[in-house]
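**Q** My structure file start03.txt, compact mmCIF, C-alpha atoms, is below:
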# COMPACT_ATOMS: atom_id res chain seq x y z
CA MET A 112 -60.58 -100.07 56.07
CA ILE A 113 -57.61 -101.92 54.70
CA GLY A 114 -57.79 -99.87 51.52
CA ALA A 115 -57.73 -96.63 53.48
CA TRP A 116 -54.79 -97.80 55.57
CA PHE A 117 -52.90 -98.90 52.42
CA ALA A 118 -53.48 -95.55 50.73
CA SER A 119 -52.22 -93.74 53.82
CA ALA A 120 -49.11 -95.90 53.92
CA VAL A 121 -48.39 -95.21 50.25
CA MET A 122 -48.65 -91.46 50.87
CA VAL A 123 -46.23 -91.69 53.77
CA LEU A 124 -43.74 -93.62 51.67
CA ALA A 125 -44.09 -91.17 48.79
CA ASP A 126 -43.33 -88.10 50.91
CA PRO A 127 -39.66 -87.15 50.60
CA ALA A 128 -37.61 -87.51 53.73
CA PRO A 129 -36.82 -84.16 55.39
CA PRO A 130 -33.32 -82.87 54.60
CA PRO A 131 -30.73 -83.46 57.32
CA PRO A 132 -30.27 -80.43 59.57
CA LEU A 133 -27.52 -78.09 58.49
CA PRO A 134 -24.54 -77.97 60.85
CA SER A 135 -24.58 -74.97 63.14
CA THR A 136 -21.84 -72.36 63.33
CA THR A 137 -20.82 -73.76 66.70
CA ALA A 138 -20.59 -77.33 65.36
CA LEU A 139 -18.53 -76.32 62.32
CA LEU A 140 -16.13 -74.17 64.37
CA GLU A 141 -15.71 -76.97 66.87
CA GLU A 142 -14.97 -79.39 64.03
CA LEU A 143 -12.38 -76.94 62.73
CA ASN A 144 -10.83 -76.62 66.18
CA GLN A 145 -10.56 -80.40 66.58
CA SER A 146 -9.20 -81.05 63.08
CA PRO A 147 -5.46 -81.49 62.43
CA GLU A 148 -3.87 -78.96 60.10
CA GLY A 149 -3.76 -79.83 56.43
CA SER A 150 -6.22 -80.59 53.66
CA ALA A 151 -8.89 -81.64 56.20
CA GLN A 152 -8.96 -78.12 57.64
CA LEU A 153 -9.20 -76.57 54.19
CA ALA A 154 -12.23 -78.74 53.44
CA ILE A 155 -13.88 -77.57 56.68
CA HIS A 156 -13.17 -73.94 55.78
CA HIS A 157 -14.78 -74.64 52.41
CA ARG A 158 -17.95 -75.74 54.22
CA LEU A 159 -17.71 -72.84 56.66
CA LEU A 160 -17.48 -70.38 53.79
CA GLY A 161 -20.66 -71.81 52.34
CA HIS A 162 -22.33 -71.55 55.74
CA TYR A 163 -21.11 -67.97 56.20
CA TRP A 164 -22.27 -66.70 52.79
CA ARG A 165 -25.61 -68.52 52.96
CA ASP A 166 -26.66 -68.28 56.58
CA VAL A 167 -24.53 -65.71 58.44
CA ALA A 168 -23.49 -62.77 56.24
CA SER A 169 -25.89 -59.83 56.21
CA ASP A 170 -25.96 -59.88 52.40
CA GLY A 171 -25.81 -63.66 52.07
CA ASP A 172 -28.22 -65.80 50.08
CA GLN A 173 -29.53 -69.18 51.15
CA ALA A 174 -29.96 -70.04 47.46
CA LEU A 175 -26.25 -69.49 46.77
CA PRO A 176 -25.13 -72.23 44.32
CA GLU A 177 -22.73 -74.88 45.49
CA VAL A 178 -19.08 -74.59 44.51
CA GLU A 179 -16.69 -77.54 44.26
CA LEU A 180 -13.22 -77.54 45.84
CA LEU A 181 -10.95 -79.56 43.57
CA ALA A 182 -8.08 -81.75 44.70
CA PRO A 183 -4.51 -80.47 44.20
CA GLY A 184 -3.28 -80.96 40.63
CA ALA A 185 -6.79 -81.17 39.14
CA ARG A 186 -8.06 -79.31 36.10
CA PHE A 187 -11.30 -77.40 35.73
CA SER A 188 -14.05 -79.21 33.87
CA ALA A 189 -14.70 -75.91 32.03
CA CYS A 190 -12.60 -72.76 31.51
CA GLY A 191 -10.60 -74.51 28.80
CA LYS A 192 -9.72 -77.40 31.13
CA ALA A 193 -7.10 -75.08 32.67
CA PRO A 194 -5.08 -76.23 35.70
CA ALA A 195 -7.05 -75.44 38.85
CA SER A 196 -4.26 -73.48 40.50
CA ASN A 197 -5.39 -70.70 42.85
CA ALA A 198 -8.34 -69.80 40.68
CA TYR A 199 -12.12 -69.90 40.36
CA CYS A 200 -13.91 -71.13 37.24
CA PRO A 201 -17.37 -69.51 37.03
CA GLU A 202 -18.55 -71.76 34.21
CA SER A 203 -18.21 -74.90 36.33
CA ALA A 204 -18.34 -73.29 39.81
CA GLN A 205 -15.04 -74.88 40.84
CA ILE A 206 -12.10 -73.67 42.92
CA GLY A 207 -8.54 -74.98 42.83
CA ILE A 208 -5.82 -74.17 45.38
CA ASP A 209 -2.03 -74.57 45.03
CA ALA A 210 -0.65 -72.88 48.15
CA ARG A 211 2.85 -74.36 47.90
CA GLY A 212 3.35 -73.06 44.38
CA LEU A 213 2.06 -69.63 45.35
CA LEU A 214 4.31 -69.36 48.41
CA SER A 215 7.38 -70.10 46.31
CA ARG A 216 6.56 -67.13 44.05
CA LEU A 217 5.47 -64.48 46.52
CA ARG A 218 8.81 -63.91 48.28
CA LEU A 219 7.20 -62.77 51.49
CA GLN A 220 9.11 -61.10 54.31
CA SER A 221 7.69 -63.69 56.71
CA SER A 222 6.97 -67.40 56.50
CA PRO A 223 3.25 -68.15 56.72
CA SER A 224 2.19 -71.77 56.80
CA THR A 225 0.95 -73.53 53.70
CA GLU A 226 -2.40 -74.06 55.45
CA LEU A 227 -2.87 -70.35 56.17
CA THR A 228 -1.90 -69.46 52.61
CA ALA A 229 -4.42 -71.97 51.27
CA LEU A 230 -7.14 -70.54 53.54
CA THR A 231 -6.40 -66.97 52.41
CA VAL A 232 -6.60 -67.89 48.73
CA LEU A 233 -9.72 -70.02 49.30
CA ALA A 234 -11.52 -67.10 50.98
CA HIS A 235 -10.59 -64.86 48.03
CA GLU A 236 -11.73 -67.37 45.40
CA TRP A 237 -14.98 -67.90 47.29
CA GLY A 238 -15.35 -64.14 47.03
CA HIS A 239 -15.39 -64.49 43.23
CA HIS A 240 -18.11 -67.14 43.52
CA VAL A 241 -20.27 -64.91 45.71
CA ASN A 242 -19.65 -61.92 43.42
CA GLN A 243 -20.92 -63.96 40.48
CA ALA A 244 -24.01 -65.22 42.30
CA ILE A 245 -24.94 -62.06 44.24
CA ASP A 246 -23.00 -58.91 43.35
CA GLN A 247 -19.70 -57.10 43.89
CA GLY A 248 -20.92 -55.24 46.94
CA PRO A 249 -19.47 -51.72 47.17
CA PHE A 250 -16.84 -52.48 44.50
CA LYS A 251 -18.88 -52.40 41.32
CA GLY A 252 -16.70 -53.13 38.30
CA ARG A 253 -13.72 -54.03 40.50
CA GLU A 254 -13.88 -57.81 40.70
CA GLU A 255 -10.55 -58.43 42.47
CA ASP A 256 -11.17 -55.74 45.08
CA ALA A 257 -14.65 -57.17 45.68
CA ALA A 258 -13.18 -60.67 46.16
CA ASP A 259 -10.60 -59.29 48.62
CA TRP A 260 -13.37 -57.45 50.48
CA ARG A 261 -15.30 -60.69 50.84
CA ALA A 262 -12.16 -62.54 51.94
CA GLY A 263 -11.64 -59.88 54.62
CA ARG A 264 -15.18 -60.34 55.87
CA TYR A 265 -14.75 -64.09 56.28
CA LEU A 266 -11.37 -63.79 58.01
CA GLY A 267 -12.73 -61.05 60.27
CA TRP A 268 -15.65 -63.34 61.13
CA LEU A 269 -13.19 -66.12 62.00
CA MET A 270 -11.35 -63.72 64.32
CA ALA A 271 -14.62 -62.65 65.95
CA ASN A 272 -15.28 -66.34 66.64
CA GLN A 273 -11.75 -66.96 67.98
CA ALA A 274 -10.98 -69.26 65.04
CA LEU A 275 -8.13 -67.11 63.69
CA SER A 276 -5.40 -65.47 65.77
CA VAL A 277 -4.07 -61.93 65.32
CA GLU A 278 -0.76 -63.37 64.16
CA GLN A 279 -2.50 -65.49 61.51
CA PHE A 280 -4.61 -62.56 60.41
CA THR A 281 -1.59 -60.33 59.84
CA GLU A 282 0.07 -63.05 57.74
CA ALA A 283 -3.10 -63.41 55.64
CA ALA A 284 -3.10 -59.66 54.99
CA ASN A 285 0.56 -59.85 53.94
CA ILE A 286 -0.28 -62.60 51.44
CA LEU A 287 -3.14 -60.67 49.86
CA PHE A 288 -1.02 -57.55 49.54
CA ARG A 289 1.72 -59.42 47.69
CA ILE A 290 -0.70 -61.09 45.27
CA GLY A 291 -1.59 -57.69 43.79
CA ASP A 292 0.73 -55.89 41.40
CA TYR A 293 1.18 -52.50 39.79
CA HIS A 294 1.22 -53.59 36.15
CA GLN A 295 -1.75 -51.99 34.39
CA LEU A 296 -2.28 -55.01 32.13
CA SER A 297 -2.60 -57.37 35.09
CA PRO A 298 -6.04 -58.76 35.94
CA HIS A 299 -5.22 -58.10 39.58
CA GLY A 300 -5.36 -54.69 41.17
CA TYR A 301 -2.82 -52.49 42.87
CA PRO A 302 -1.61 -54.05 46.14
CA LEU A 303 -2.57 -51.13 48.36
CA THR A 304 -5.99 -50.81 46.72
CA ARG A 305 -6.66 -54.50 47.28
CA TYR A 306 -5.38 -54.30 50.83
CA ARG A 307 -7.78 -51.42 51.55
CA ALA A 308 -10.67 -53.46 50.16
CA PHE A 309 -9.63 -56.38 52.36
CA THR A 310 -9.46 -54.10 55.41
CA ASP A 311 -12.91 -52.72 54.63
CA GLY A 312 -14.20 -56.28 54.67
CA VAL A 313 -12.52 -57.07 57.98
CA ASN A 314 -14.09 -54.00 59.56
CA GLY A 315 -17.49 -55.28 58.51
CA GLU A 316 -17.03 -58.00 61.16
CA ILE A 317 -14.63 -56.62 63.77
CA THR A 318 -13.93 -53.03 64.76
CA PRO A 319 -11.19 -51.12 66.60
CA GLY A 320 -11.47 -51.55 70.34
CA THR A 321 -12.08 -55.30 70.07
CA GLN A 322 -9.93 -57.55 72.27
CA PHE A 323 -8.48 -60.81 70.90
CA ASP A 324 -6.93 -62.71 73.79
CA SER A 325 -4.07 -60.41 74.88
CA TRP A 326 -4.18 -58.32 71.69
CA MET A 327 -6.21 -55.15 71.18
CA MET A 328 -7.29 -53.92 67.76
CA ASP A 329 -6.36 -50.22 67.94
CA THR A 330 -7.18 -49.13 64.38
CA PRO A 331 -8.11 -51.04 61.20
CA GLU A 332 -4.38 -51.48 60.51
CA THR A 333 -2.84 -51.86 63.97
CA PHE A 334 -2.88 -54.20 66.97
CA SER A 335 -1.15 -53.94 70.35
CA GLU A 336 -0.25 -56.12 73.32
CA VAL A 337 1.16 -54.76 76.57
CA VAL A 338 4.49 -56.34 77.49
CA ASP A 339 5.49 -54.47 80.63
CA PHE A 340 4.31 -51.61 82.85
CA ASN A 341 6.92 -49.35 84.49
CA PRO A 342 10.01 -51.10 83.15
CA GLN A 343 13.41 -50.21 84.54
CA GLU A 344 13.90 -47.30 82.17
CA PRO A 345 13.75 -43.65 83.31
CA TRP A 346 11.32 -42.27 80.75
CA VAL A 347 9.19 -45.32 79.84
CA ASP A 348 5.80 -45.99 81.42
CA ALA A 349 4.93 -49.03 79.32
CA VAL A 350 6.38 -51.30 76.63
CA ILE A 351 3.89 -52.59 74.07
CA LYS A 352 4.24 -55.04 71.21
CA VAL A 353 2.57 -53.61 68.13
CA TYR A 354 1.59 -54.81 64.68
CA ARG A 355 1.54 -51.97 62.15
CA PHE A 356 0.96 -52.29 58.43
CA GLU A 357 3.78 -50.45 56.67
CA VAL A 358 4.59 -49.96 53.00
CA GLU A 359 8.18 -49.75 51.77
CA ARG A 360 8.44 -48.32 48.24
CA GLY A 361 12.22 -48.27 47.81
CA GLY A 362 12.36 -51.56 45.91
CA GLN A 363 9.42 -50.56 43.74
CA ILE A 364 11.01 -47.26 42.67
CA ALA A 365 14.36 -48.89 41.91
CA GLY A 366 12.72 -51.70 39.95
CA ASN A 367 10.62 -49.36 37.85
CA LEU A 368 13.59 -47.09 37.09
CA PHE A 369 15.54 -50.13 35.90
CA SER A 370 12.64 -51.24 33.69
CA ALA A 371 12.31 -47.74 32.24
CA ALA A 372 16.03 -47.66 31.41
CA LEU A 373 15.77 -51.10 29.83
CA GLY A 374 12.82 -49.90 27.75
CA VAL A 375 14.85 -46.96 26.43
CA LEU A 376 17.72 -49.25 25.47
CA ASN A 377 15.52 -51.81 23.73
CA CYS A 378 13.21 -49.38 21.99
CA GLY A 379 15.64 -46.60 21.15
CA PHE A 380 18.77 -48.40 20.10
CA GLY A 381 17.75 -51.02 17.59
CA GLY A 382 16.12 -53.58 19.87
CA SER A 383 13.63 -55.98 18.33
CA SER A 384 9.94 -55.09 18.47
CA ARG A 385 9.34 -58.09 20.75
CA ALA A 386 12.07 -57.00 23.18
CA CYS A 387 10.78 -53.42 23.08
CA ALA A 388 7.22 -54.52 23.83
CA GLY A 389 8.41 -56.79 26.61
CA ALA A 390 10.38 -54.01 28.24
CA LEU A 391 7.43 -51.63 28.06
CA THR A 392 5.00 -54.09 29.61
CA ARG A 393 7.45 -54.67 32.50
CA GLN A 394 7.39 -50.98 33.41
CA GLY A 395 5.32 -50.51 36.56
CA GLN A 396 5.48 -54.17 37.52
CA ALA A 397 7.92 -53.69 40.38
CA LYS A 398 5.96 -54.11 43.58
CA PRO A 399 6.19 -52.16 46.83
CA ASP A 400 6.83 -54.17 49.94
CA GLY A 401 3.98 -54.04 52.38
CA TRP A 402 3.42 -56.15 55.45
CA PHE A 403 2.43 -56.09 59.10
CA ARG A 404 5.63 -55.51 61.02
CA LEU A 405 5.91 -56.63 64.64
CA ARG A 406 7.72 -53.95 66.66
CA LYS A 407 7.97 -52.66 70.23
CA LEU A 408 6.51 -49.31 71.22
CA GLN A 409 7.75 -47.42 74.29
CA LEU A 410 5.25 -45.00 75.82
CA ASN A 411 5.82 -42.04 78.14
CA CYS A 412 2.55 -40.66 79.43
CA TYR A 413 3.98 -37.77 81.48
CA ASN A 414 5.81 -36.20 78.54
CA GLY A 415 3.26 -37.37 75.95
CA VAL A 416 5.81 -39.07 73.70
CA PHE A 417 6.37 -42.51 72.20
CA ASP A 418 9.06 -44.35 70.31
CA ILE A 419 8.82 -47.38 68.05
CA LEU A 420 12.07 -49.27 68.25
CA GLY A 421 13.80 -50.01 64.96
CA ASP A 422 11.64 -47.88 62.68
CA GLY A 423 14.33 -45.26 62.04
CA ILE A 424 12.21 -42.44 63.48
CA LYS A 425 13.19 -40.60 66.64
CA ARG A 426 10.98 -40.30 69.69
CA GLN A 427 7.93 -38.18 68.84
CA ARG A 428 4.76 -36.72 70.27
CA ILE A 429 1.89 -39.16 70.73
CA SER A 430 -0.32 -36.90 68.62
CA ALA A 431 2.13 -37.22 65.70
CA ASP A 432 1.43 -40.90 65.01
CA ARG A 433 -0.25 -40.78 61.59
CA LYS A 434 -1.59 -44.31 62.03
CA GLY A 435 -3.47 -43.24 65.16
CA GLN A 436 -2.23 -46.21 67.16
CA ALA A 437 -0.17 -44.33 69.75
CA GLN A 438 -3.14 -42.10 70.53
CA ARG A 439 -5.43 -45.11 71.08
CA ILE A 440 -2.87 -46.83 73.31
CA ALA A 441 -2.32 -43.66 75.34
CA GLN A 442 -6.06 -43.24 75.87
CA ARG A 443 -6.21 -46.71 77.38
CA LEU A 444 -2.99 -46.83 79.37
CA CYS A 445 -2.02 -43.33 80.48
CA SER A 446 -4.93 -42.74 82.85
CA ALA A 447 -4.07 -46.03 84.57
CA ALA A 448 -0.35 -45.16 84.70
CA GLN A 449 -1.04 -41.79 86.29
Can I see the file as structure tokens?
**A**
Amino acid sequence: MIGAWFASAVMVLADPAPPPPLPSTTALLEELNQSPEGSAQLAIHHRLLGHYWRDVASDGDQALPEVELLAPGARFSACGKAPASNAYCPESAQIGIDARGLLSRLRLQSSPSTELTALTVLAHEWGHHVNQAIDQGPFKGREEDAADWRAGRYLGWLMANQALSVEQFTEAANILFRIGDYHQLSPHGYPLTRYRAFTDGVNGEITPGTQFDSWMMDTPETFSEVVDFNPQEPWVDAVIKVYRFEVERGGQIAGNLFSAALGVLNCGFGGSSRACAGALTRQGQAKPDGWFRLRKLQLNCYNGVFDILGDGIKRQRISADRKGQAQRIAQRLCSAAQ
């Protein structure tokens, strides 16, 4: 009797304790909501990214290997012991983030917070980790686009769970656009190509017609918020704040023309081979400016026209908006106005 009891006790002691329950989506999002901004929030996002790609994403994998988020200023334990600065090391499964250094180089039109910049880069670097462990999704052979696509999916998921505002989302898109460049020797892709991949990812989680507080997602690249109905203007039925992603190529063209002229001077008039090569590799590096601009749209339902203030384009037919935003807004508002 005692022997049987003793054997049973030994078996109980030998059985491994059950693993602690994984935190739920609700618990992690609540922890994020209660956390002060800073490194603590980034660490929570790191855990949320693991939760998303293991337990939430349609193509996730519960056996996805762990990845380590290194402290600022650290070096990878592999990858040549390189500084862990906004990069992922596949050999050691480590990520390093240096948002302050990146912000100083990007020269953005707006001023996103360091925390949002860090989150954007973290989501992208996690994309590399998932690409390595699972696949590149619909972007076979295009690693950077695939990582941007996965970053878009996570940020879209945050928006769907009210953990990321429309304003924050637009800033994140601006950051990812500026990280790309047009130099063919760069490991990163063209900005607009990467932005499209990011947008494709976002639309895997949220779709046009979704409401985010007072903002409506009109198209994959536009958002709107009604400011005023029937303002004191003779032809205006409604005034709407709009976010529209716009690309300005003037600076890119001028920069590339300058680089081409410099290449001719260095290569054709006795410049050194090093200077010639340097000038040639700089050709195509000038970047277009692309970002979500916040503007005001005036809508006239009776005449079927709209005007976006400050865009340099005169009042035009609603059907002429190539982004499709004016048409979506008119569909929602004009029947109510009439």
**Q** Using atom CA of A:Leu269 and atom CA of A:Glu316 as the two end points, give the distance in Å to one decimal.
**A**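 Distance reported for this atom pair: 9.0 Å.
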**Q** Using only C-alpha atoms, which of A:Ala308, A:Gly315, A:Lys192, A:Glu278 sits nearest A:Gln247?
**A** A:Ala308
**Q** Any idea what's packed within 12 Å of A:Leu181, counting all atoms listed in the file, ignoring anything in its chain fewer than 5 positions away? Could you give it as a list in words?
**A** Ser150, Leu153, Ala154, His157, Arg186, Phe187, Ser188, Pro194, Ala195, Ser196, Asn197, Ala198, Tyr199, Cys200, Ser203, Ala204, Gln205, Ile206, Gly207, Ile208, Asp209 and Leu233 of chain A
**Q** Taking only residues of stretch 299-365 of chain A that have an atom at most 12 Å from an atom of stretch 431-442 of chain A, what is each one's shortest atom pair and its distance in Å to one decimal, using all atoms listed in the file, in chain and number order, as a tab-separated table?
**A**
residue	atom	partner	partner_atom	distance
A:Pro319	CA	A:Arg439	CA	9.5
A:Gly320	CA	A:Arg439	CA	8.9
A:Trp326	CA	A:Ile440	CA	11.7
A:Met327	CA	A:Ile440	CA	9.2
A:Met328	CA	A:Gln436	CA	9.2
A:Asp329	CA	A:Gln436	CA	5.8
A:Thr330	CA	A:Gln436	CA	6.4
A:Pro331	CA	A:Lys434	CA	9.4
A:Glu332	CA	A:Lys434	CA	7.8
A:Thr333	CA	A:Gln436	CA	6.5
A:Phe334	CA	A:Gln436	CA	8.0
A:Ser335	CA	A:Ile440	CA	7.9
A:Glu336	CA	A:Ile440	CA	9.7
A:Val337	CA	A:Ile440	CA	9.5
A:Asp348	CA	A:Ala441	CA	10.4
A:Ala349	CA	A:Ala441	CA	9.9
A:Val350	CA	A:Ile440	CA	10.8
A:Ile351	CA	A:Ile440	CA	8.9
A:Lys352	CA	A:Ile440	CA	11.1
A:Val353	CA	A:Gln436	CA	8.9
A:Tyr354	CA	A:Gln436	CA	9.7
A:Arg355	CA	A:Lys434	CA	8.3
A:Phe356	CA	A:Lys434	CA	9.1
A:Glu357	CA	A:Lys434	CA	9.8
**Q** Taking into account only C-alpha atoms, which residue in the set A:Ile317, A:Ala244, A:Asn285, A:Ile290 is nearest to A:Gly267?
**A** A:Ile317
**Q** Out of A:Gly252, A:Gly263, A:Gly171, A:Gly212, which residue has the shortest atom-to-atom distance to A:Ala283 when counting only C-alpha atoms?
**A** A:Gly263
**Q** Calculated over all atoms listed in the file, which of the candidates A:Ala271, A:Val241, A:Thr228, A:Gln145 has the smallest distance to A:Asp172?
**A** A:Val241
**Q** Just give me the gap between atom CA of A:Met270 and atom CA of A:Phe323 in Å, one decimal is fine.
**A**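 So the answer is 7.7 Å.
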**Q** Kindly provide, as lines of an AutoDock Vina configuration file, the centre and edge lengths (Å, one decimal) of an axis-aligned box around all atoms of stretch 417-422 of chain A given in the file, with 8 Å on each side.
**A**
center_x = 10.1
center_y = -46.3
center_z = 67.4
size_x = 23.4
size_y = 23.5
size_z = 25.5
**Q** Do you have the atom CA of A:Gln343-atom CA of A:Asp324 distance handy?
**A**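 Between atom CA of A:Gln343 and atom CA of A:Asp324 the gap works out to 26.2 Å.
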**Q** Please determine, counting all atoms listed in the file, which residue among A:Leu140, A:Val313, A:Ala274, A:Val232 has the shortest atom-to-atom distance to A:Ile286.
**A**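 Looking only at the distances to A:Ile286, the closest residue turns out to be A:Val232.
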**Q** Which residue, A:His240, A:Arg165, A:Arg406, A:Trp260, has the smallest gap to A:Gly421 when you use all atoms listed in the file?
**A** A:Arg406
**Q** Mind rebuilding stretch 334-355 of chain A with N, CA, C and O atoms and writing that out as a short mmCIF file (atom, residue, chain, number, x, y, z; two decimals), in the coordinates of the input?
**A**
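Output file rebuild-v7.cif follows:
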data_model
loop_
_atom_site.label_atom_id
_atom_site.label_comp_id
_atom_site.auth_asym_id
_atom_site.auth_seq_id
_atom_site.Cartn_x
_atom_site.Cartn_y
_atom_site.Cartn_z
N PHE A 334 -2.53 -53.42 65.79
CA PHE A 334 -2.88 -54.20 66.97
C PHE A 334 -1.79 -53.99 68.01
O PHE A 334 -0.64 -53.71 67.67
N SER A 335 -2.15 -54.13 69.29
CA SER A 335 -1.15 -53.94 70.35
C SER A 335 -1.36 -54.94 71.48
O SER A 335 -2.47 -55.41 71.73
N GLU A 336 -0.24 -55.22 72.16
CA GLU A 336 -0.25 -56.12 73.32
C GLU A 336 0.74 -55.58 74.34
O GLU A 336 1.93 -55.42 74.02
N VAL A 337 0.27 -55.30 75.54
CA VAL A 337 1.16 -54.76 76.57
C VAL A 337 2.15 -55.82 77.02
O VAL A 337 1.76 -56.96 77.33
N VAL A 338 3.43 -55.43 77.06
CA VAL A 338 4.49 -56.34 77.49
C VAL A 338 4.86 -56.08 78.94
O VAL A 338 5.03 -57.00 79.73
N ASP A 339 4.99 -54.79 79.29
CA ASP A 339 5.49 -54.47 80.63
C ASP A 339 5.03 -53.07 81.03
O ASP A 339 5.06 -52.14 80.22
N PHE A 340 4.59 -52.92 82.28
CA PHE A 340 4.31 -51.61 82.85
C PHE A 340 5.50 -51.20 83.72
O PHE A 340 6.08 -52.02 84.44
N ASN A 341 5.85 -49.90 83.66
CA ASN A 341 6.92 -49.35 84.49
C ASN A 341 8.20 -50.18 84.44
O ASN A 341 8.71 -50.64 85.47
N PRO A 342 8.74 -50.38 83.24
CA PRO A 342 10.01 -51.10 83.15
C PRO A 342 11.14 -50.27 83.75
O PRO A 342 10.97 -49.08 84.04
N GLN A 343 12.28 -50.89 83.92
CA GLN A 343 13.41 -50.21 84.54
C GLN A 343 14.11 -49.27 83.56
O GLN A 343 15.30 -49.38 83.29
N GLU A 344 13.35 -48.32 83.05
CA GLU A 344 13.90 -47.30 82.17
C GLU A 344 13.33 -45.97 82.61
O GLU A 344 12.14 -45.85 82.92
N PRO A 345 14.17 -44.91 82.67
CA PRO A 345 13.75 -43.65 83.31
C PRO A 345 12.56 -42.95 82.67
O PRO A 345 11.79 -42.31 83.36
N TRP A 346 12.37 -43.06 81.38
CA TRP A 346 11.32 -42.27 80.75
C TRP A 346 10.15 -43.11 80.23
O TRP A 346 9.19 -42.58 79.67
N VAL A 347 10.17 -44.42 80.45
CA VAL A 347 9.19 -45.32 79.84
C VAL A 347 8.16 -45.76 80.88
O VAL A 347 8.50 -46.29 81.93
N ASP A 348 6.88 -45.52 80.56
CA ASP A 348 5.80 -45.99 81.42
C ASP A 348 5.31 -47.38 81.05
O ASP A 348 4.82 -48.12 81.89
N ALA A 349 5.41 -47.72 79.76
CA ALA A 349 4.93 -49.03 79.32
C ALA A 349 5.65 -49.42 78.03
O ALA A 349 6.03 -48.57 77.22
N VAL A 350 5.83 -50.74 77.87
CA VAL A 350 6.38 -51.30 76.63
C VAL A 350 5.28 -52.16 76.01
O VAL A 350 4.68 -53.00 76.69
N ILE A 351 5.02 -51.92 74.74
CA ILE A 351 3.89 -52.59 74.07
C ILE A 351 4.37 -53.20 72.77
O ILE A 351 5.08 -52.53 71.98
N LYS A 352 4.02 -54.46 72.52
CA LYS A 352 4.24 -55.04 71.21
C LYS A 352 3.16 -54.53 70.27
O LYS A 352 1.98 -54.48 70.65
N VAL A 353 3.55 -54.15 69.07
CA VAL A 353 2.57 -53.61 68.13
C VAL A 353 2.74 -54.23 66.75
O VAL A 353 3.86 -54.50 66.30
N TYR A 354 1.62 -54.50 66.11
CA TYR A 354 1.59 -54.81 64.68
C TYR A 354 1.12 -53.54 63.96
O TYR A 354 0.09 -52.96 64.31
N ARG A 355 1.89 -53.14 62.95
CA ARG A 355 1.54 -51.97 62.15
C ARG A 355 1.77 -52.31 60.69
O ARG A 355 2.84 -52.82 60.33
#
